[in-house]
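A.B. asks: Mind looking over this structure? Questions follow.
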2 protein chains.
Amino acid sequence: MTLTQLECFVLVARLGSVTAAARALGVSEPAVSSALGALRTHLGDQLVLRGPTGMELTAAGRRLVPIASEMIHLGAEAQATVRQAQGAAPELRVLASSTIAEYVAPSLVEAFARKASAPDTTVGVATAVEMQAFLQDRLADVALGPKLAGDGSVQLNAQPVMRCALQLLTSPRSRLAGVTGLSPAKLADVDWLVDPAGTDPSSPVSQLIGRLGVPDRRVKVLPSQTAALAAAADDDAGIAPAVAHLASAEIRRQSVVPVDVAGFPLSMFWHVSTLAIDRASPIAWAFRRFLTTAVATQIMLEPSRGVPPSRFKPPVYVTLWN
Amino acid sequence: MTLTQLECFVLVARLGSVTAAARALGVSEPAVSSALGALRTHLGDQLVLRGPTGMELTAAGRRLVPIASEMIHLGAEAQATVRQAQGAAPELRVLASSTIAEYVAPSLVEAFARKASAPDTTVGVATAVEMQAFLQDRLADVALGPKLAGDGSVQLNAQPVMRCALQLLTSPRSRLAGVTGLSPAKLADVDWLVDPAGTDPSSPVSQLIGRLGVPDRRVKVLPSQTAALAAAADDDAGIAPAVAHLASAEIRRQSVVPVDVAGFPLSMFWHVSTLAIDRASPIAWAFRRFLTTAVATQIMLEPSRGVPPSRFKPPVYVTLWN
DNA sequence: GCGGCGAATAAGGGATCGCTTATCCGCCCG
DNA sequence: CGGGCGGATAAGCGATCCCTTATTCGCCGC
């Protein structure tokens, strides 16, 4: 029985899929599968079984989840406690959607470090379900992006921190540019140039794509929002969905222009989510309060220029014990 | 960071010595030392330092102990929970002094299993400090033998279950036999034939030996009380300290006779110790209550004939996760 | 029946674990 | 100052972990 094995099990249980857990951990699917197999053998129970809607817990598995989750948490707490006893800065583990990680998370973290007790901060990219699982297991302290609610066992606390306008952008030379009152149906048959957050099923972009019935082959996932905007500028028909104020530079210099479709710009919110205040770390809520300050709002409105596509590193997931 | 490493650390912290922890775990001293070294490297703190009175905790170590202890406990609980969810019998881990393990623990456990829900019981031999550490870490459920109090952090609850008379026995052909009003000073210069419990510093026998100033070379540790009595019967001067009613068969057939020394027979008690009732497992307290019944008392008074020395297995320590 | 998707299994390799025995080192005590 | 005790270190070895890629299995929808 290894902490790694327990971690794999909990993630499979929470995410409902071995593949999803592997993705969240940044390892291959058989790695998780075999860890799970070892735990199953050791405990003499299947723990999770394949069901129609994903992996479902057995009776034993259902009881094991909270225990394993607590062990993982204590493992992280052990490290944090020792660090703190040595007088080191507390640790703040932030998860963000790829869009936020690209444009505003670094500046936010930097500004917070200057104001607060200079915590040792790491930023990782994750999808909404991954954020939820990581927060519940306390493998991360703060999630930035979609609104998270938590499942039955562990409640999460979300709060909007930024109102955004989602625009559909295209090249000024595109055949979509300048057309007024464009029919949404037309949008299903052009290239959609999205950043990794667009692959998160719970993201507004992904839901939009689903609602419009855009076929998969039309969805091009670029490594960053900046890259997506650059690709849109070169494409004669592609659409890049983007948060308006993040693309302000590209819009101002007219490398891309808004597409005129009913319902756009689409209003949406960035949220900050943590465990409830009595269960989360103090530094998590300090960061959370910081996000509602004018300083933070300013940073979110005037983001650092997008990281060049080539240098944008997608997932910097939480480091564990290996 | 491994559960094994944490376990080693906690035992070193609780027992105050690497060697003692190694003995409690039934492994070599470097095994514990290197596990501790790995944890130190991983966490970047010494955790425990050599002090005049044993290994002393650093600030970080002091904070780590309860966290690590809880992780170990949860590890054991994970296994127990899964077992239980599968409908298996609950687990009862009993620690006993070697004397009790030899004479009465098997019968007690067997009788309890017949009355109660037939738990899956294991019996191990341990010294008093080991019992204390194991109970506090919840690696054992019940300790049988000396009265345990617990240290500051985790309170233990002890209760006497049997009053015993400690006799000094010798061969009827010994030069000590038949002598009346023997001076205690004479006892320091004869062989003392003790069972493994006699090496536990907190045992009455060990304290007696210390009080009388018996030199180490005079103390012969036999693998069981039965073996000690047999050796005493063959020795022309040796003394075997023994609980009177356990040696009743040997006394009745006159293979050994009591030595007449002031203060003997010496009254002492067997205790049962567990965590407080709200922190211990239900089965632990069920066993505890059983020990105060007439059935259990009868078993303790008329023990199963001592296990033949050759078949007595000394330490069957708690199994962990390997 | 046949793809396709997701999980399990196979095979292999590098790292670590966990244990051993033997040795070294620091410290206290006679 | 030498011995002795207890902890740390060295060297080595087998088992396990943990990861990979490739393949197989089971199930569902077409």
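Labels used: A, B, ... for chains in the order of the structure tokens, numbers from 1 for residues in each chain, and numbers from 1 for ligands as shown.
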Show me which bits of chain C are within 10 Å of chain B, counting only C-alpha atoms (C1' of nucleotides), as a ChimeraX atom specification.

C.D. replies: /C:17-21,27-28

A.B. asks: Put those residues in a file: C-alpha atoms (C1' of nucleotides), as a PDB file, in the first residue's frame.

C.D. replies:
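again_36.pdb was written with the following content:
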```
ATOM      1  C1'  DC C  17      12.892   0.383  -1.152  1.00  0.00           C
ATOM      2  C1'  DG C  18      14.005  -2.481   2.488  1.00  0.00           C
ATOM      3  C1'  DC C  19      16.800  -5.583   4.316  1.00  0.00           C
ATOM      4  C1'  DT C  20      21.176  -7.611   5.450  1.00  0.00           C
ATOM      5  C1'  DT C  21      26.346  -7.648   7.388  1.00  0.00           C
ATOM      6  C1'  DC C  27      30.239  10.283  22.936  1.00  0.00           C
ATOM      7  C1'  DC C  28      30.194   8.988  27.727  1.00  0.00           C
TER       8       DC C  28
END
```

A.B. asks: Just need the residues of chain B within 8 Å of chain D, counting only C-alpha atoms (C1' of nucleotides), so spit them out as a PyMOL selection string.

C.D. replies: chain B and resi 18-19+33

A.B. asks: Using only C-alpha atoms, find the residues of chain B whose closest atom to chain A is at most 12 Å away, then write them as a PyMOL selection string.

C.D. replies: chain B and resi 1-6+39-47+58-88+320-322

A.B. asks: What would the file look like if the residues just selected were written as a tab-separated table (two decimals), in the first residue's frame with N, CA and C atoms?

C.D. replies:
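Result written to out-v6.tsv:
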```
chain	number	residue	atom	x	y	z
B	1	MET	N	8.71	9.70	0.53
B	1	MET	CA	8.01	9.55	1.82
B	1	MET	C	7.17	8.28	1.80
B	2	THR	N	7.55	7.33	2.60
B	2	THR	CA	6.90	6.03	2.61
B	2	THR	C	6.23	5.83	3.97
B	3	LEU	N	5.19	5.05	3.98
B	3	LEU	CA	4.56	4.72	5.26
B	3	LEU	C	5.56	4.02	6.17
B	4	THR	N	6.38	3.19	5.58
B	4	THR	CA	7.41	2.51	6.38
B	4	THR	C	8.34	3.51	7.03
B	5	GLN	N	8.75	4.50	6.26
B	5	GLN	CA	9.66	5.50	6.81
B	5	GLN	C	8.99	6.26	7.94
B	6	LEU	N	7.73	6.64	7.72
B	6	LEU	CA	7.02	7.38	8.76
B	6	LEU	C	6.88	6.53	10.02
B	39	LEU	N	13.91	9.65	5.13
B	39	LEU	CA	12.88	10.63	5.48
B	39	LEU	C	13.52	11.99	5.77
B	40	ARG	N	14.64	11.96	6.46
B	40	ARG	CA	15.35	13.21	6.74
B	40	ARG	C	15.72	13.92	5.46
B	41	THR	N	16.27	13.17	4.53
B	41	THR	CA	16.66	13.78	3.27
B	41	THR	C	15.45	14.34	2.54
B	42	HIS	N	14.39	13.54	2.51
B	42	HIS	CA	13.21	13.95	1.77
B	42	HIS	C	12.60	15.22	2.34
B	43	LEU	N	12.52	15.29	3.65
B	43	LEU	CA	11.86	16.43	4.28
B	43	LEU	C	12.84	17.56	4.59
B	44	GLY	N	14.13	17.28	4.46
B	44	GLY	CA	15.09	18.34	4.70
B	44	GLY	C	15.18	18.76	6.15
B	45	ASP	N	15.01	17.79	7.04
B	45	ASP	CA	15.12	18.12	8.46
B	45	ASP	C	15.62	16.88	9.18
B	46	GLN	N	16.36	17.10	10.25
B	46	GLN	CA	16.91	15.97	10.99
B	46	GLN	C	15.83	15.20	11.75
B	47	LEU	N	14.75	15.89	12.11
B	47	LEU	CA	13.58	15.29	12.78
B	47	LEU	C	13.90	14.82	14.19
B	58	THR	N	13.32	17.40	16.92
B	58	THR	CA	13.48	18.79	16.54
B	58	THR	C	12.10	19.43	16.50
B	59	ALA	N	12.08	20.75	16.24
B	59	ALA	CA	10.79	21.43	16.15
B	59	ALA	C	9.93	20.80	15.06
B	60	ALA	N	10.56	20.55	13.92
B	60	ALA	CA	9.81	19.95	12.82
B	60	ALA	C	9.38	18.54	13.18
B	61	GLY	N	10.27	17.80	13.80
B	61	GLY	CA	9.94	16.43	14.19
B	61	GLY	C	8.76	16.40	15.14
B	62	ARG	N	8.76	17.34	16.07
B	62	ARG	CA	7.68	17.38	17.04
B	62	ARG	C	6.33	17.57	16.36
B	63	ARG	N	6.34	18.37	15.32
B	63	ARG	CA	5.08	18.58	14.60
B	63	ARG	C	4.73	17.41	13.71
B	64	LEU	N	5.77	16.71	13.27
B	64	LEU	CA	5.51	15.63	12.34
B	64	LEU	C	4.91	14.40	13.03
B	65	VAL	N	5.29	14.18	14.28
B	65	VAL	CA	4.86	12.95	14.96
B	65	VAL	C	3.35	12.73	14.87
B	66	PRO	N	2.53	13.69	15.29
B	66	PRO	CA	1.09	13.39	15.24
B	66	PRO	C	0.58	13.16	13.83
B	67	ILE	N	1.13	13.87	12.86
B	67	ILE	CA	0.68	13.69	11.48
B	67	ILE	C	1.06	12.30	10.99
B	68	ALA	N	2.32	11.95	11.21
B	68	ALA	CA	2.79	10.64	10.76
B	68	ALA	C	2.02	9.53	11.48
B	69	SER	N	1.81	9.72	12.76
B	69	SER	CA	1.08	8.72	13.53
B	69	SER	C	-0.31	8.52	12.97
B	70	GLU	N	-0.94	9.62	12.63
B	70	GLU	CA	-2.28	9.53	12.06
B	70	GLU	C	-2.26	8.83	10.71
B	71	MET	N	-1.25	9.10	9.92
B	71	MET	CA	-1.16	8.43	8.62
B	71	MET	C	-1.02	6.92	8.79
B	72	ILE	N	-0.19	6.53	9.73
B	72	ILE	CA	0.00	5.10	9.97
B	72	ILE	C	-1.30	4.47	10.43
B	73	HIS	N	-1.95	5.17	11.34
B	73	HIS	CA	-3.22	4.67	11.81
B	73	HIS	C	-4.21	4.52	10.67
B	74	LEU	N	-4.27	5.52	9.82
B	74	LEU	CA	-5.21	5.45	8.69
B	74	LEU	C	-4.84	4.32	7.75
B	75	GLY	N	-3.54	4.07	7.63
B	75	GLY	CA	-3.13	2.94	6.80
B	75	GLY	C	-3.69	1.63	7.32
B	76	ALA	N	-3.59	1.46	8.63
B	76	ALA	CA	-4.15	0.25	9.22
B	76	ALA	C	-5.67	0.26	9.10
B	77	GLU	N	-6.25	1.42	9.30
B	77	GLU	CA	-7.70	1.52	9.23
B	77	GLU	C	-8.21	1.24	7.83
B	78	ALA	N	-7.45	1.65	6.84
B	78	ALA	CA	-7.85	1.38	5.46
B	78	ALA	C	-8.01	-0.12	5.24
B	79	GLN	N	-7.03	-0.85	5.72
B	79	GLN	CA	-7.10	-2.30	5.55
B	79	GLN	C	-8.27	-2.87	6.32
B	80	ALA	N	-8.42	-2.44	7.57
B	80	ALA	CA	-9.50	-2.97	8.39
B	80	ALA	C	-10.86	-2.63	7.78
B	81	THR	N	-10.99	-1.42	7.27
B	81	THR	CA	-12.26	-0.99	6.70
B	81	THR	C	-12.64	-1.82	5.49
B	82	VAL	N	-11.66	-2.05	4.64
B	82	VAL	CA	-11.95	-2.85	3.45
B	82	VAL	C	-12.34	-4.27	3.85
B	83	ARG	N	-11.59	-4.81	4.78
B	83	ARG	CA	-11.93	-6.15	5.27
B	83	ARG	C	-13.37	-6.19	5.76
B	84	GLN	N	-13.69	-5.19	6.55
B	84	GLN	CA	-15.02	-5.19	7.15
B	84	GLN	C	-16.11	-5.02	6.10
B	85	ALA	N	-15.83	-4.17	5.11
B	85	ALA	CA	-16.83	-3.96	4.05
B	85	ALA	C	-17.09	-5.25	3.28
B	86	GLN	N	-16.11	-6.13	3.27
B	86	GLN	CA	-16.29	-7.40	2.58
B	86	GLN	C	-16.97	-8.43	3.47
B	87	GLY	N	-17.34	-7.99	4.68
B	87	GLY	CA	-18.01	-8.91	5.58
B	87	GLY	C	-17.08	-9.80	6.36
B	88	ALA	N	-15.80	-9.53	6.29
B	88	ALA	CA	-14.84	-10.35	7.03
B	88	ALA	C	-14.90	-10.00	8.51
B	320	LEU	N	3.02	-5.15	8.96
B	320	LEU	CA	2.70	-3.84	8.41
B	320	LEU	C	2.32	-3.98	6.94
B	321	TRP	N	3.00	-3.26	6.11
B	321	TRP	CA	2.49	-3.16	4.73
B	321	TRP	C	3.35	-3.84	3.68
B	322	ASN	N	4.42	-4.43	4.04
B	322	ASN	CA	5.37	-4.85	3.01
B	322	ASN	C	4.81	-5.89	2.05
```

A.B. asks: According to DSSP computed on the backbone, where in range 34-134 of chain B is there helix (DSSP H, G or I)? Give the residues as a PyMOL selection string.

C.D. replies: chain B and resi 34-43+59-85+98-103+105-115+128-134

A.B. asks: Can you tell me, as number ranges by chain, what residues are no more than 12 Å from Gln136 in chain B when counting only C-alpha atoms (C1' of nucleotides), ignoring any on the same chain fewer than 4 positions away?

C.D. replies: B: 10-11, 14-15, 65-66, 68-70, 72-73, 129-132, 140-143, 148-157, 273-276, 279-280

A.B. asks: Next, dump the selected residues to file, keeping only C-alpha atoms, as a PDB file, in the first residue's frame.

C.D. replies:
```
ATOM      1  CA  VAL B  10       7.329   7.611  14.876  1.00  0.00           C
ATOM      2  CA  LEU B  11       8.687   4.596  16.681  1.00  0.00           C
ATOM      3  CA  ARG B  14       8.165   7.331  20.811  1.00  0.00           C
ATOM      4  CA  LEU B  15      10.764   4.843  21.962  1.00  0.00           C
ATOM      5  CA  VAL B  65       4.862  12.955  14.955  1.00  0.00           C
ATOM      6  CA  PRO B  66       1.089  13.391  15.243  1.00  0.00           C
ATOM      7  CA  ALA B  68       2.786  10.640  10.763  1.00  0.00           C
ATOM      8  CA  SER B  69       1.082   8.725  13.531  1.00  0.00           C
ATOM      9  CA  GLU B  70      -2.284   9.529  12.060  1.00  0.00           C
ATOM     10  CA  ILE B  72      -0.002   5.099   9.971  1.00  0.00           C
ATOM     11  CA  HIS B  73      -3.224   4.666  11.811  1.00  0.00           C
ATOM     12  CA  VAL B 129       7.359   0.619  26.024  1.00  0.00           C
ATOM     13  CA  GLU B 130       6.683  -1.180  22.784  1.00  0.00           C
ATOM     14  CA  MET B 131       3.117  -1.843  23.852  1.00  0.00           C
ATOM     15  CA  GLN B 132       2.669   1.798  24.633  1.00  0.00           C
ATOM     16  CA  ALA B 140      -2.261  -2.902  18.202  1.00  0.00           C
ATOM     17  CA  ASP B 141      -5.631  -2.844  19.925  1.00  0.00           C
ATOM     18  CA  VAL B 142      -5.036  -4.380  23.320  1.00  0.00           C
ATOM     19  CA  ALA B 143      -1.994  -4.795  25.538  1.00  0.00           C
ATOM     20  CA  LEU B 148       0.378   1.342  30.724  1.00  0.00           C
ATOM     21  CA  ALA B 149      -0.345   5.009  31.168  1.00  0.00           C
ATOM     22  CA  GLY B 150       0.503   6.653  27.859  1.00  0.00           C
ATOM     23  CA  ASP B 151       2.531   9.777  27.376  1.00  0.00           C
ATOM     24  CA  GLY B 152       1.245  13.313  27.271  1.00  0.00           C
ATOM     25  CA  SER B 153      -0.261  13.262  23.811  1.00  0.00           C
ATOM     26  CA  VAL B 154      -2.245  10.043  23.764  1.00  0.00           C
ATOM     27  CA  GLN B 155      -3.864   8.744  26.906  1.00  0.00           C
ATOM     28  CA  LEU B 156      -4.056   5.030  27.562  1.00  0.00           C
ATOM     29  CA  ASN B 157      -6.505   3.325  29.820  1.00  0.00           C
ATOM     30  CA  SER B 273      -4.559  -1.545  28.453  1.00  0.00           C
ATOM     31  CA  THR B 274      -6.226   0.066  25.466  1.00  0.00           C
ATOM     32  CA  LEU B 275      -6.859   3.503  24.108  1.00  0.00           C
ATOM     33  CA  ALA B 276      -9.677   5.377  25.798  1.00  0.00           C
ATOM     34  CA  ARG B 279     -10.753   6.208  20.564  1.00  0.00           C
ATOM     35  CA  ALA B 280     -10.317   2.458  20.617  1.00  0.00           C
TER      36      ALA B 280
END
```

A.B. asks: Report as a PyMOL selection string: the residues of range 28-261 of chain B with a DSSP assignment of strand (DSSP E or B), based on the backbone of this structure.

C.D. replies: chain B and resi 48-51+54-57+91-96+120-125+142-145+156-170+182+192-194+219-221+239-243+257-258+261

A.B. asks: Generate the output file for the selected residues, N, CA and C atoms, as a short mmCIF file (atom, residue, chain, number, x, y, z; two decimals), in the first residue's frame.

C.D. replies:
```cif
data_model
loop_
_atom_site.label_atom_id
_atom_site.label_comp_id
_atom_site.auth_asym_id
_atom_site.auth_seq_id
_atom_site.Cartn_x
_atom_site.Cartn_y
_atom_site.Cartn_z
N VAL B 48 14.92 13.99 14.35
CA VAL B 48 15.34 13.59 15.70
C VAL B 48 16.85 13.75 15.79
N LEU B 49 17.31 14.15 16.95
CA LEU B 49 18.74 14.35 17.17
C LEU B 49 19.16 13.55 18.40
N ARG B 50 20.41 13.13 18.40
CA ARG B 50 20.92 12.41 19.56
C ARG B 50 21.00 13.35 20.74
N GLY B 51 20.42 12.93 21.82
CA GLY B 51 20.52 13.73 23.04
C GLY B 51 21.02 12.84 24.16
N GLY B 54 18.56 10.04 24.94
CA GLY B 54 17.96 9.34 23.81
C GLY B 54 17.74 10.30 22.66
N MET B 55 17.01 9.85 21.67
CA MET B 55 16.76 10.69 20.49
C MET B 55 15.71 11.72 20.84
N GLU B 56 16.04 12.98 20.58
CA GLU B 56 15.10 14.05 20.89
C GLU B 56 14.59 14.70 19.62
N LEU B 57 13.34 15.11 19.66
CA LEU B 57 12.70 15.65 18.46
C LEU B 57 13.15 17.08 18.19
N GLU B 91 -10.62 -7.30 13.09
CA GLU B 91 -9.28 -7.70 13.47
C GLU B 91 -9.01 -7.28 14.91
N LEU B 92 -8.41 -8.16 15.66
CA LEU B 92 -8.04 -7.84 17.03
C LEU B 92 -6.56 -8.16 17.21
N ARG B 93 -5.78 -7.12 17.45
CA ARG B 93 -4.34 -7.30 17.56
C ARG B 93 -3.94 -7.15 19.03
N VAL B 94 -3.54 -8.24 19.61
CA VAL B 94 -3.23 -8.27 21.04
C VAL B 94 -1.73 -8.32 21.23
N LEU B 95 -1.24 -7.49 22.12
CA LEU B 95 0.15 -7.59 22.53
C LEU B 95 0.18 -8.11 23.96
N ALA B 96 1.15 -8.96 24.25
CA ALA B 96 1.24 -9.51 25.59
C ALA B 96 2.70 -9.65 25.98
N ASP B 120 -10.68 -11.98 13.89
CA ASP B 120 -9.42 -12.50 13.37
C ASP B 120 -8.31 -11.95 14.26
N THR B 121 -7.82 -12.77 15.15
CA THR B 121 -6.95 -12.28 16.21
C THR B 121 -5.50 -12.68 15.97
N THR B 122 -4.62 -11.75 16.25
CA THR B 122 -3.20 -12.04 16.25
C THR B 122 -2.63 -11.65 17.61
N VAL B 123 -1.69 -12.43 18.08
CA VAL B 123 -1.06 -12.15 19.36
C VAL B 123 0.43 -11.92 19.12
N GLY B 124 0.94 -10.86 19.69
CA GLY B 124 2.36 -10.56 19.56
C GLY B 124 2.98 -10.36 20.92
N VAL B 125 4.26 -10.51 20.98
CA VAL B 125 5.00 -10.32 22.23
C VAL B 125 5.69 -8.97 22.18
N VAL B 142 -4.98 -4.06 21.90
CA VAL B 142 -5.04 -4.38 23.32
C VAL B 142 -3.64 -4.81 23.78
N ALA B 143 -3.25 -4.35 24.96
CA ALA B 143 -1.99 -4.80 25.54
C ALA B 143 -2.29 -5.51 26.85
N LEU B 144 -1.61 -6.61 27.05
CA LEU B 144 -1.88 -7.47 28.19
C LEU B 144 -0.59 -7.66 28.96
N GLY B 145 -0.55 -7.17 30.19
CA GLY B 145 0.65 -7.35 31.00
C GLY B 145 0.82 -6.19 31.96
N LEU B 156 -3.69 6.44 27.56
CA LEU B 156 -4.06 5.03 27.56
C LEU B 156 -4.84 4.72 28.83
N ASN B 157 -5.60 3.67 28.74
CA ASN B 157 -6.51 3.32 29.82
C ASN B 157 -6.22 1.89 30.26
N ALA B 158 -5.73 1.75 31.49
CA ALA B 158 -5.35 0.42 31.98
C ALA B 158 -6.25 -0.01 33.13
N GLN B 159 -6.36 -1.31 33.29
CA GLN B 159 -7.26 -1.86 34.30
C GLN B 159 -6.69 -3.21 34.73
N PRO B 160 -6.61 -3.45 36.04
CA PRO B 160 -6.09 -4.75 36.48
C PRO B 160 -7.10 -5.86 36.20
N VAL B 161 -6.58 -6.98 35.75
CA VAL B 161 -7.49 -8.09 35.46
C VAL B 161 -7.12 -9.35 36.21
N MET B 162 -5.95 -9.35 36.83
CA MET B 162 -5.53 -10.58 37.51
C MET B 162 -4.50 -10.22 38.56
N ARG B 163 -4.70 -10.77 39.75
CA ARG B 163 -3.68 -10.59 40.77
C ARG B 163 -2.82 -11.83 40.79
N CYS B 164 -1.50 -11.63 40.77
CA CYS B 164 -0.57 -12.75 40.70
C CYS B 164 0.39 -12.69 41.87
N ALA B 165 0.98 -13.83 42.14
CA ALA B 165 2.01 -13.92 43.19
C ALA B 165 3.31 -14.34 42.52
N LEU B 166 4.30 -13.50 42.64
CA LEU B 166 5.59 -13.83 42.05
C LEU B 166 6.42 -14.63 43.05
N GLN B 167 6.82 -15.80 42.65
CA GLN B 167 7.62 -16.69 43.50
C GLN B 167 9.02 -16.79 42.94
N LEU B 168 9.97 -17.06 43.83
CA LEU B 168 11.31 -17.43 43.38
C LEU B 168 11.43 -18.93 43.54
N LEU B 169 11.72 -19.62 42.46
CA LEU B 169 11.71 -21.08 42.49
C LEU B 169 13.12 -21.60 42.21
N THR B 170 13.40 -22.74 42.80
CA THR B 170 14.72 -23.35 42.59
C THR B 170 14.56 -24.87 42.66
N LEU B 182 16.31 -16.66 54.05
CA LEU B 182 17.48 -16.40 53.22
C LEU B 182 17.69 -14.89 53.06
N TRP B 192 20.10 -16.34 37.60
CA TRP B 192 18.68 -16.00 37.49
C TRP B 192 18.19 -16.46 36.13
N LEU B 193 17.24 -17.34 36.17
CA LEU B 193 16.75 -17.95 34.93
C LEU B 193 15.40 -17.33 34.59
N VAL B 194 15.43 -16.41 33.64
CA VAL B 194 14.22 -15.63 33.36
C VAL B 194 13.74 -15.88 31.94
N VAL B 219 22.37 -13.34 34.76
CA VAL B 219 21.00 -13.41 34.24
C VAL B 219 20.99 -14.23 32.96
N LYS B 220 20.35 -15.37 33.01
CA LYS B 220 20.23 -16.22 31.83
C LYS B 220 18.82 -16.07 31.27
N VAL B 221 18.73 -15.59 30.04
CA VAL B 221 17.42 -15.42 29.43
C VAL B 221 17.08 -16.68 28.65
N ILE B 239 17.93 -19.59 40.28
CA ILE B 239 16.62 -19.13 40.70
C ILE B 239 15.80 -18.79 39.46
N ALA B 240 14.57 -19.28 39.43
CA ALA B 240 13.65 -18.90 38.37
C ALA B 240 12.50 -18.13 38.99
N PRO B 241 12.42 -16.83 38.71
CA PRO B 241 11.24 -16.11 39.19
C PRO B 241 10.06 -16.47 38.30
N ALA B 242 8.93 -16.74 38.94
CA ALA B 242 7.77 -17.17 38.15
C ALA B 242 6.49 -16.81 38.87
N VAL B 243 5.44 -16.60 38.08
CA VAL B 243 4.12 -16.40 38.66
C VAL B 243 3.66 -17.74 39.23
N VAL B 257 10.99 -25.79 43.89
CA VAL B 257 10.37 -25.43 45.17
C VAL B 257 10.60 -23.95 45.41
N PRO B 258 9.71 -23.32 46.18
CA PRO B 258 9.89 -21.90 46.47
C PRO B 258 11.11 -21.66 47.35
N VAL B 261 12.42 -16.26 50.95
CA VAL B 261 13.07 -14.96 51.10
C VAL B 261 12.01 -13.97 51.55
#
```

A.B. asks: Leaving out Ser203 in chain B and any residue of its chain fewer than 3 positions from it, which residues lie within 12 Å of it when counting only C-alpha atoms (C1' of nucleotides), given as a ChimeraX atom specification?

C.D. replies: /B:97-99,126-129,145-148,166,194-200,206-210,241-242,268-270
